[in-house]
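Worksheet: one structure, shown below.
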Amino acid sequence: MRSGEVIGSHVIVARSFWQRFKGLMGTTSLAIGHGMLFPHTNSVHMFFMRYPLCVVYLTKDFVVLRCVVLRPWTIGPVVRGTYWVLELPENVAQQISVNDSLDVMTVH
């Protein structure tokens, strides 16, 4: 990834049980710049999803361990060492490489 490139400016952190349970299920698309970040997670599923996603497995310090595109009705791999899972639009996958370090800024 190029230094300073923004891949998600509207990312929701799934903090509550309900946010984690629901995730992006029921949505029909995910706009560029949007996504969902799941803490304390090392795998996700795509049940009830209608479109593919770029799924990024990150360490606690936001270093990329793995980046995959998951299709609807599939289960993602379990990746050892993962603390965060970031879901982004499918086309972002080509911009992310293993060992990239992401800067994450949150607004309260």
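Following the order of the structure tokens, first chain is A, next is B, and so on, with residues numbered from 1 inside each chain and ligands from 1 in the order they appear.
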Counting only C-alpha atoms, what is within 7 Å of Gly33 (chain A), bar same-chain residues fewer than 6 positions away, as a list in words?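 Once the nearby chain positions are removed, what remains is Ile7, Gly8, Ser9 and His10 of chain A.
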Same residues, all heavy atoms, saved as a JSON list (two decimals), in the first residue's frame:
```
[["chain", "number", "residue", "atom", "x", "y", "z"],
["A", 7, "ILE", "N", -7.72, 4.07, 2.83],
["A", 7, "ILE", "CA", -8.53, 2.96, 2.31],
["A", 7, "ILE", "C", -9.89, 2.88, 2.98],
["A", 7, "ILE", "O", -10.77, 2.18, 2.53],
["A", 7, "ILE", "CB", -7.81, 1.61, 2.42],
["A", 7, "ILE", "CG1", -7.46, 1.29, 3.86],
["A", 7, "ILE", "CG2", -6.59, 1.57, 1.52],
["A", 7, "ILE", "CD1", -6.99, -0.12, 4.07],
["A", 8, "GLY", "N", -10.05, 3.60, 4.08],
["A", 8, "GLY", "CA", -11.33, 3.60, 4.78],
["A", 8, "GLY", "C", -11.49, 4.83, 5.64],
["A", 8, "GLY", "O", -10.80, 4.98, 6.63],
["A", 9, "SER", "N", -12.38, 5.71, 5.24],
["A", 9, "SER", "CA", -12.60, 6.93, 6.01],
["A", 9, "SER", "C", -13.89, 6.87, 6.83],
["A", 9, "SER", "O", -14.13, 7.73, 7.66],
["A", 9, "SER", "CB", -12.63, 8.14, 5.08],
["A", 9, "SER", "OG", -13.62, 7.96, 4.08],
["A", 10, "HIS", "N", -14.70, 5.86, 6.57],
["A", 10, "HIS", "CA", -15.96, 5.69, 7.28],
["A", 10, "HIS", "C", -16.07, 4.23, 7.74],
["A", 10, "HIS", "O", -16.89, 3.46, 7.23],
["A", 10, "HIS", "CB", -17.15, 6.03, 6.39],
["A", 10, "HIS", "CG", -17.19, 7.47, 5.99],
["A", 10, "HIS", "ND1", -16.51, 7.95, 4.90],
["A", 10, "HIS", "CD2", -17.80, 8.52, 6.56],
["A", 10, "HIS", "CE1", -16.73, 9.24, 4.81],
["A", 10, "HIS", "NE2", -17.50, 9.61, 5.81]]
```
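Going from CA of Asn91 (chain A) over to CA of Phe21 (chain A), you cover 24.3 Å.
Residue nearest Pro77 (chain A) within the list A:Ile12, A:Ala31, A:Met105, A:Val56: A:Val56 [criterion: smallest interatomic distance, only C-alpha atoms].
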If we count only C-alpha atoms and set the cut-off at 7 Å, which residues sit around Asn99 (chain A), ignoring sequence neighbours fewer than 2 positions away in its own chain? Please answer as a ChimeraX atom specification. /A:63-65,97,101
Which residue is closest to Arg20 (chain A)? Choose from A:Val85, A:Val78, A:Pro72, A:Cys54 and count only C-alpha atoms.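 Of A:Val85, A:Val78, A:Pro72, A:Cys54, the one nearest Arg20 (chain A), counting only C-alpha atoms, is A:Val85.
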Determine the nearest neighbour of Val69 (chain A) from the options A:Pro89, A:Ile32, A:Ala14, A:Trp84, counting only C-alpha atoms. A:Pro89
Closest of A:Val11, A:Leu24, A:Val98, A:Leu86 to Val55 (chain A), counting only C-alpha atoms, is A:Leu86
Hey, which of A:Val79, A:Leu102, A:Met49, A:Val44 ends up closest to Gly26 (chain A)? Count only C-alpha atoms.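 Checking each of A:Val79, A:Leu102, A:Met49, A:Val44 against Gly26 (chain A), counting only C-alpha atoms, the winner is A:Met49.
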Let's see if you can do this: from backbone DSSP, list all strand (DSSP E) residues in region 39-83 of chain A, as a list in words.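 DSSP-assigned strand (DSSP E) residues in region 39-83 of chain A: Pro39, Leu53, Cys54, Val55, Val56, Tyr57, Leu58, Val64, Leu65, Arg66, Cys67, Val68, Val69 and Leu70 of chain A.
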Skipping near chain neighbours, those fewer than 4 positions away, what residues fall within 10 Å of Arg80 (chain A) using only C-alpha atoms, listed as a list of chain:residue names? A:Asn42, A:Ser43, A:Tyr57, A:Leu58, A:Thr59, A:Leu65
note - CA of Phe48 (chain A) and CA of Val6 (chain A) are separated by 28.3 Å
Write down as an mmCIF file with C-alpha atoms, in the first residue's frame the residues belonging to chain A that are assigned helix (DSSP H, G or I) by DSSP computed on the backbone.
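Here's the written file states_5.cif:
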```
data_model
loop_
_atom_site.group_PDB
_atom_site.id
_atom_site.type_symbol
_atom_site.label_atom_id
_atom_site.label_comp_id
_atom_site.auth_asym_id
_atom_site.auth_seq_id
_atom_site.Cartn_x
_atom_site.Cartn_y
_atom_site.Cartn_z
ATOM 1 C CA PHE A 17 -22.617 -7.743 20.847
ATOM 2 C CA TRP A 18 -25.315 -6.695 18.367
ATOM 3 C CA GLN A 19 -22.869 -4.879 16.050
ATOM 4 C CA ARG A 20 -20.555 -7.901 16.077
ATOM 5 C CA PHE A 21 -23.442 -10.324 15.482
ATOM 6 C CA LYS A 22 -25.057 -8.342 12.663
ATOM 7 C CA GLU A 90 -13.846 -6.023 -2.545
ATOM 8 C CA ASN A 91 -11.743 -3.853 -4.857
ATOM 9 C CA VAL A 92 -9.568 -2.570 -1.971
ATOM 10 C CA ALA A 93 -7.855 -5.991 -1.739
ATOM 11 C CA GLN A 94 -5.460 -5.159 -4.568
ATOM 12 C CA GLN A 95 -4.123 -2.193 -2.547
#
```
Would you mind reading off the distance between CA of Leu30 (chain A) and CA of Glu87 (chain A), one decimal, in Å?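 Taking CA of Leu30 (chain A) as the start and CA of Glu87 (chain A) as the end point, the length is 9.6 Å.
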Let me make sure I understand: among A:Tyr83, A:Ile96, A:Met25, A:Glu5, which one has the smallest atom-to-atom distance to Phe62 (chain A) if we use only C-alpha atoms?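 Of the candidates, the smallest distance to Phe62 (chain A) is held by A:Tyr83.
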